[in-house]
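Undergrad: Next comes the structure file start.cif, holding mmCIF, C-alpha atoms and all ligand atoms.
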```cif
data_run
loop_
_atom_site.label_atom_id
_atom_site.label_comp_id
_atom_site.auth_asym_id
_atom_site.auth_seq_id
_atom_site.Cartn_x
_atom_site.Cartn_y
_atom_site.Cartn_z
CA MET A 1 16.48 -0.55 -15.85
CA LEU A 2 15.67 0.67 -12.38
CA THR A 3 16.48 -1.74 -9.54
CA LEU A 4 15.23 -1.47 -5.95
CA TYR A 5 17.25 -3.44 -3.41
CA GLY A 6 15.29 -4.20 -0.28
CA HIS A 7 13.06 -6.57 1.65
CA PRO A 8 9.23 -6.71 1.62
CA LEU A 9 9.08 -6.49 5.45
CA SER A 10 11.42 -3.48 5.65
CA SER A 11 9.53 -0.29 6.43
CA TYR A 12 11.77 1.99 4.37
CA THR A 13 11.63 -0.43 1.43
CA GLN A 14 7.83 -0.32 1.67
CA LYS A 15 7.90 3.48 1.65
CA VAL A 16 9.72 3.48 -1.72
CA LEU A 17 7.63 0.61 -3.14
CA ILE A 18 4.47 2.67 -2.55
CA ALA A 19 5.99 5.55 -4.52
CA LEU A 20 7.02 3.22 -7.37
CA TYR A 21 3.52 1.72 -7.55
CA GLU A 22 1.87 5.15 -7.37
CA LEU A 23 4.07 6.44 -10.20
CA GLY A 24 3.58 3.27 -12.25
CA THR A 25 7.34 3.01 -12.79
CA ASP A 26 8.84 -0.20 -14.20
CA PHE A 27 11.48 -1.61 -11.90
CA GLU A 28 13.13 -4.81 -10.85
CA PHE A 29 13.06 -5.84 -7.18
CA ARG A 30 16.24 -7.39 -5.79
CA HIS A 31 15.24 -9.21 -2.61
CA ILE A 32 17.92 -8.66 0.04
CA ASP A 33 18.41 -11.06 2.94
CA LEU A 34 20.52 -9.26 5.55
CA GLY A 35 21.17 -12.65 7.16
CA ASP A 36 23.14 -13.62 4.06
CA GLU A 37 26.79 -12.56 3.99
CA GLY A 38 26.80 -11.94 0.21
CA ASP A 39 23.70 -9.74 0.40
CA ARG A 40 25.14 -7.84 3.38
CA ALA A 41 28.30 -7.12 1.38
CA LEU A 42 26.20 -6.08 -1.62
CA MET A 43 24.19 -3.63 0.51
CA ARG A 44 27.39 -2.18 2.00
CA SER A 45 28.68 -1.61 -1.53
CA LEU A 46 25.50 0.37 -2.27
CA GLU A 47 25.03 2.21 1.05
CA PRO A 48 27.81 2.93 3.54
CA MET A 49 25.94 1.43 6.51
CA GLY A 50 24.53 -1.44 4.47
CA ARG A 51 20.99 -0.23 5.07
CA MET A 52 18.11 -0.94 2.75
CA PRO A 53 16.64 0.17 0.49
CA ALA A 54 18.97 1.29 -2.29
CA LEU A 55 17.87 2.34 -5.75
CA ARG A 56 20.02 1.95 -8.82
CA GLU A 57 19.69 3.23 -12.37
CA GLY A 58 22.82 2.64 -14.44
CA ASP A 59 25.74 4.17 -12.56
CA LEU A 60 23.51 6.15 -10.23
CA VAL A 61 22.96 4.58 -6.81
CA LEU A 62 20.71 6.31 -4.30
CA SER A 63 20.22 5.66 -0.61
CA GLN A 64 17.71 7.32 1.74
CA SER A 65 14.08 6.56 0.97
CA SER A 66 12.92 10.21 0.90
CA LEU A 67 15.59 11.20 -1.64
CA MET A 68 14.66 8.21 -3.80
CA ILE A 69 11.03 9.31 -3.85
CA GLU A 70 11.97 12.89 -4.70
CA TRP A 71 14.26 11.66 -7.48
CA LEU A 72 11.68 9.19 -8.85
CA ASP A 73 9.03 11.90 -8.90
CA ARG A 74 11.35 14.17 -10.93
CA HIS A 75 12.82 11.59 -13.32
CA HIS A 76 10.03 9.00 -13.62
CA PRO A 77 6.91 11.12 -13.10
CA GLY A 78 3.57 9.35 -12.92
CA PRO A 79 0.01 10.55 -13.50
CA GLN A 80 0.19 12.65 -10.31
CA ARG A 81 3.19 14.29 -8.69
CA LEU A 82 4.15 13.02 -5.23
CA LEU A 83 5.80 16.34 -4.39
CA ASP A 84 5.23 19.91 -5.51
CA PRO A 85 8.11 20.74 -7.94
CA ASP A 86 8.55 24.14 -6.27
CA PRO A 87 11.04 23.64 -3.38
CA ASP A 88 9.26 26.15 -1.12
CA ALA A 89 5.81 24.77 -1.84
CA SER A 90 7.06 21.24 -1.09
CA LEU A 91 8.46 22.19 2.34
CA PRO A 92 5.38 21.14 4.38
CA ALA A 93 5.34 17.69 2.72
CA ARG A 94 9.08 17.25 3.30
CA GLN A 95 8.70 18.42 6.87
CA TRP A 96 5.96 15.86 7.55
CA ASP A 97 8.02 13.17 5.83
CA ARG A 98 10.91 13.91 8.24
CA PHE A 99 8.45 14.00 11.15
CA LEU A 100 7.12 10.54 10.26
CA ASP A 101 10.61 9.07 9.88
CA PHE A 102 12.03 10.60 13.08
CA GLN A 103 9.05 10.75 15.43
CA VAL A 104 7.10 7.66 14.37
CA MET A 105 9.34 5.25 12.41
CA GLN A 106 12.42 5.71 14.63
CA MET A 107 10.44 5.54 17.89
CA MET A 108 8.84 2.32 16.70
CA GLN A 109 12.28 1.03 15.67
CA GLN A 110 13.73 1.80 19.12
CA ILE A 111 11.11 -0.40 20.76
CA VAL A 112 11.68 -3.19 18.20
CA ASP A 113 15.49 -2.99 18.58
CA ALA A 114 15.22 -3.06 22.38
CA ARG A 115 13.21 -6.29 22.11
CA ILE A 116 15.42 -8.09 19.58
CA PHE A 117 18.96 -6.80 20.02
CA MET A 118 19.38 -5.45 23.53
CA SER A 119 19.97 -7.03 26.90
CA GLU A 120 17.27 -8.04 29.33
CA GLY A 121 15.40 -5.07 30.77
CA ALA A 122 16.22 -2.80 27.80
CA GLU A 123 12.66 -2.86 26.52
CA GLU A 124 11.33 -1.71 29.91
CA ARG A 125 13.85 1.16 29.90
CA VAL A 126 13.45 2.27 26.26
CA SER A 127 9.76 1.68 25.78
CA PRO A 128 8.21 4.38 28.05
CA PHE A 129 10.29 7.13 26.38
CA ALA A 130 9.52 5.96 22.84
CA ARG A 131 5.82 5.38 23.61
CA GLY A 132 5.61 8.91 25.08
CA LYS A 133 7.05 10.33 21.85
CA LEU A 134 4.61 8.24 19.80
CA ASP A 135 1.71 9.70 21.82
CA LEU A 136 2.89 13.23 21.00
CA ALA A 137 3.40 12.33 17.33
CA TYR A 138 -0.05 10.71 17.05
CA ALA A 139 -1.69 13.80 18.56
CA ALA A 140 0.14 16.08 16.09
CA LEU A 141 -0.86 13.88 13.14
CA ASP A 142 -4.46 13.75 14.37
CA ARG A 143 -4.59 17.56 14.40
CA GLN A 144 -3.00 17.80 10.95
CA LEU A 145 -5.41 15.23 9.47
CA ASP A 146 -8.56 16.76 10.90
CA GLY A 147 -10.51 17.76 7.74
CA ARG A 148 -7.84 16.45 5.34
CA ASP A 149 -7.75 13.25 3.28
CA TRP A 150 -3.97 13.17 2.98
CA ILE A 151 -1.24 14.71 5.11
CA VAL A 152 -0.48 17.62 2.78
CA GLY A 153 -2.71 18.28 -0.26
CA GLY A 154 -2.97 15.23 -2.56
CA PHE A 155 -1.44 11.82 -1.81
CA GLY A 156 2.33 12.29 -1.76
CA LEU A 157 5.71 11.84 -0.13
CA ALA A 158 4.49 12.20 3.46
CA ASP A 159 1.78 9.59 2.88
CA CYS A 160 4.37 7.14 1.49
CA ALA A 161 6.30 7.61 4.77
CA ALA A 162 3.15 7.37 6.88
CA MET A 163 2.08 3.94 5.69
CA PRO A 164 4.85 1.72 7.09
CA ALA A 165 5.47 4.06 10.04
CA LEU A 166 1.86 3.87 11.21
CA PHE A 167 1.42 0.22 10.28
CA TYR A 168 4.28 -0.99 12.49
CA ALA A 169 4.02 1.70 15.21
CA GLY A 170 0.28 1.04 15.51
CA ALA A 171 0.93 -2.68 16.07
CA ILE A 172 3.13 -1.78 19.05
CA HIS A 173 1.37 1.31 20.36
CA PRO A 174 -2.19 1.71 18.98
CA PHE A 175 -3.60 5.08 17.91
CA ASP A 176 -7.32 4.18 18.02
CA ALA A 177 -7.99 7.06 20.43
CA HIS A 178 -7.19 9.54 17.61
CA PRO A 179 -10.22 9.63 15.27
CA ALA A 180 -8.76 11.64 12.36
CA LEU A 181 -5.56 9.59 12.38
CA SER A 182 -7.49 6.29 12.54
CA ALA A 183 -9.74 7.33 9.65
CA TYR A 184 -6.66 8.37 7.67
CA PHE A 185 -5.00 5.00 8.32
CA ASP A 186 -8.09 3.19 7.00
CA ARG A 187 -8.05 5.42 3.90
CA LEU A 188 -4.37 4.69 3.41
CA MET A 189 -5.00 0.94 3.63
CA GLN A 190 -7.58 1.19 0.80
CA ARG A 191 -5.00 2.60 -1.60
CA PRO A 192 -4.09 0.00 -4.31
CA SER A 193 -0.35 0.77 -3.97
CA VAL A 194 -0.54 0.14 -0.22
CA GLN A 195 -2.55 -3.06 -0.66
CA ARG A 196 0.16 -4.35 -3.01
CA VAL A 197 2.85 -3.59 -0.46
CA ILE A 198 0.89 -5.28 2.34
CA ALA A 199 0.26 -8.36 0.16
CA GLY A 200 4.01 -8.60 -0.57
CA ALA A 201 4.88 -8.30 3.12
CA GLN A 202 2.25 -10.74 4.43
CA PRO A 203 4.40 -13.90 4.28
CA TRP A 204 7.01 -12.05 6.39
CA PHE A 205 4.80 -10.50 9.09
CA GLN A 206 5.39 -13.62 11.22
CA TYR A 207 8.95 -12.36 11.76
CA PHE A 208 7.85 -8.96 13.12
CA PRO A 209 8.53 -9.17 16.87
CA PHE A 210 5.18 -7.50 17.71
CA LYS A 211 3.18 -9.55 15.19
CA GLN A 212 0.41 -10.11 17.75
CA GLY A 213 -0.40 -6.37 17.42
CA ILE A 214 -0.96 -6.55 13.63
CA PRO A 215 -4.74 -6.52 12.99
CA ALA A 216 -6.01 -9.92 11.77
CA ARG A 217 -7.34 -8.39 8.52
CA PHE A 218 -3.73 -7.86 7.37
CA LEU A 219 -2.57 -11.36 8.19
CA THR A 220 -4.71 -13.36 5.76
N1 LIG B 1 17.14 6.69 6.63
C1 LIG B 1 17.15 5.44 5.89
C2 LIG B 1 16.83 4.32 6.88
C3 LIG B 1 17.08 2.94 6.30
C4 LIG B 1 16.95 1.85 7.36
O1 LIG B 1 17.03 2.09 8.56
N2 LIG B 1 16.73 0.59 6.88
C5 LIG B 1 16.60 -0.55 7.76
C6 LIG B 1 15.52 -1.49 7.24
S1 LIG B 1 13.90 -0.78 7.31
C7 LIG B 1 17.88 -1.37 7.73
O2 LIG B 1 18.47 -1.58 6.67
N3 LIG B 1 18.29 -1.88 8.89
C8 LIG B 1 19.42 -2.74 9.01
C9 LIG B 1 20.63 -2.02 9.59
O3 LIG B 1 20.49 -0.90 10.08
O4 LIG B 1 21.69 -2.64 9.56
C10 LIG B 1 16.14 5.52 4.74
O5 LIG B 1 15.26 6.41 4.76
O6 LIG B 1 16.25 4.77 3.76
#
```
Could I get this structure in the form of structure tokens?
TA:
Amino acid sequence: MLTLYGHPLSSYTQKVLIALYELGTDFEFRHIDLGDEGDRALMRSLEPMGRMPALREGDLVLSQSSLMIEWLDRHHPGPQRLLDPDPDASLPARQWDRFLDFQVMQMMQQIVDARIFMSEGAEERVSPFARGKLDLAYAALDRQLDGRDWIVGGFGLADCAAMPALFYAGAIHPFDAHPALSAYFDRLMQRPSVQRVIAGAQPWFQYFPFKQGIPARFLT
């Protein structure tokens, strides 16, 4: 049996959950509370830095959300592939997946970390840099999405990464000024796999430090 270790509020856990729901794969969810010493030790036994998510099947333990999705798509394929099986043909999707993790997810995370973990004044120092990067990333995504339903071809890896990245980044630094990106986000939110992930995360949104930026339609 496949087990996903993670938390419903965790962006990278959500990224893998979307893939699992899209593929229709049976799995067991092990809810991890990083505030619990036992769970922290468990995560460190699965991933060197103790980061979630981790995916286990028998003796195989995977970390890194993108690799999990690639592996799931190869070994537990669903009705539609999330990635082109040809490594060259899949490059654009993998490139956009990296772009979303590094330029959107990590910039959002820097602002969140500055608010919750760092000393007074950190947010004011970190935030302008990260928000500037988010503006550049939003503009690039808006250009890419102009005339496209999904980031690369059919719904796939990059769209799994885009959902949590845009959901949380948008709550901190809105992208309403980008029409193609905003329309894409609305399309993404209609996807049944995404709606399931949002429903699972709803009870936890109150703990997101920028919860006031989450649109009301996602809070009920
Ligand atoms: N590159 C990793 C990132 C994983 C990650 O940063 N996970 C966050 C939760 S969304 C985490 O576990 N943070 C706690 C920590 O860093 O100790 C992936 O794609 O899976």
Undergrad: Sort by chain and increasing residue number a table of all residues of chain A within 10 Å of ligand LIG 1 (chain B), each with its closest pair of atoms and their distance in Å to one decimal, counting all atoms listed in the file, and write it as CSV.
TA:
```
residue,atom,partner,partner_atom,distance
A:Gly6,CA,B:LIG1,C6,8.0
A:His7,CA,B:LIG1,C6,7.9
A:Pro8,CA,B:LIG1,S1,9.5
A:Leu9,CA,B:LIG1,S1,7.7
A:Ser10,CA,B:LIG1,S1,4.0
A:Ser11,CA,B:LIG1,S1,4.5
A:Tyr12,CA,B:LIG1,S1,4.6
A:Thr13,CA,B:LIG1,S1,6.3
A:Gln14,CA,B:LIG1,S1,8.3
A:Lys15,CA,B:LIG1,O5,8.5
A:Val16,CA,B:LIG1,O6,8.6
A:Ile32,CA,B:LIG1,O2,9.7
A:Leu34,CA,B:LIG1,C8,7.5
A:Arg40,CA,B:LIG1,O4,8.8
A:Met43,CA,B:LIG1,O2,8.7
A:Arg44,CA,B:LIG1,O4,9.5
A:Glu47,CA,B:LIG1,O2,9.4
A:Met49,CA,B:LIG1,O4,6.6
A:Gly50,CA,B:LIG1,O4,6.0
A:Arg51,CA,B:LIG1,O2,3.3
A:Met52,CA,B:LIG1,O2,4.0
A:Pro53,CA,B:LIG1,O6,5.7
A:Ala54,CA,B:LIG1,O6,7.5
A:Leu55,CA,B:LIG1,O6,9.9
A:Leu62,CA,B:LIG1,O6,9.3
A:Ser63,CA,B:LIG1,O6,6.0
A:Gln64,CA,B:LIG1,O6,3.6
A:Ser65,CA,B:LIG1,O6,4.0
A:Ser66,CA,B:LIG1,O5,5.9
A:Leu67,CA,B:LIG1,O5,8.0
A:Met68,CA,B:LIG1,O6,8.5
A:Asp97,CA,B:LIG1,O5,10.0
A:Arg98,CA,B:LIG1,O5,9.3
A:Asp101,CA,B:LIG1,O5,7.4
A:Phe102,CA,B:LIG1,N1,9.1
A:Met105,CA,B:LIG1,S1,9.1
A:Gln106,CA,B:LIG1,O1,8.4
A:Gln109,CA,B:LIG1,O1,8.6
A:Ala161,CA,B:LIG1,O5,9.0
A:Pro164,CA,B:LIG1,S1,9.4
```
Undergrad: Need to verify the contact set: Pro192 of chain A, 12 Å, only C-alpha atoms, exclusion of same-chain residues closer than 2 positions in sequence. Can you return it as a list in words?
TA: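 Those residues are Leu17, Ile18, Ala19, Leu20, Tyr21, Glu22, Leu23, Gly24, Arg187, Leu188, Met189, Gln190, Val194, Gln195, Arg196, Val197, Ile198 and Ala199 of chain A.
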Undergrad: Quote the spacing between atom CA of Pro85 of chain A and atom CA of Trp71 of chain A in Å to one decimal place.
TA: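 So the two atoms, atom CA of Pro85 of chain A and atom CA of Trp71 of chain A, lie 11.0 Å apart.
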Undergrad: Can you tell me, as a count of residues only, what residues are no more than 12 Å from Leu141 of chain A when counting only C-alpha atoms, ignoring any on the same chain fewer than 5 positions away?
TA: 28
Undergrad: Between A:Phe29, A:Phe218, A:Tyr5, A:Phe129, which has the minimum distance to Trp204 of chain A (counting all atoms listed in the file)?
TA: A:Phe218
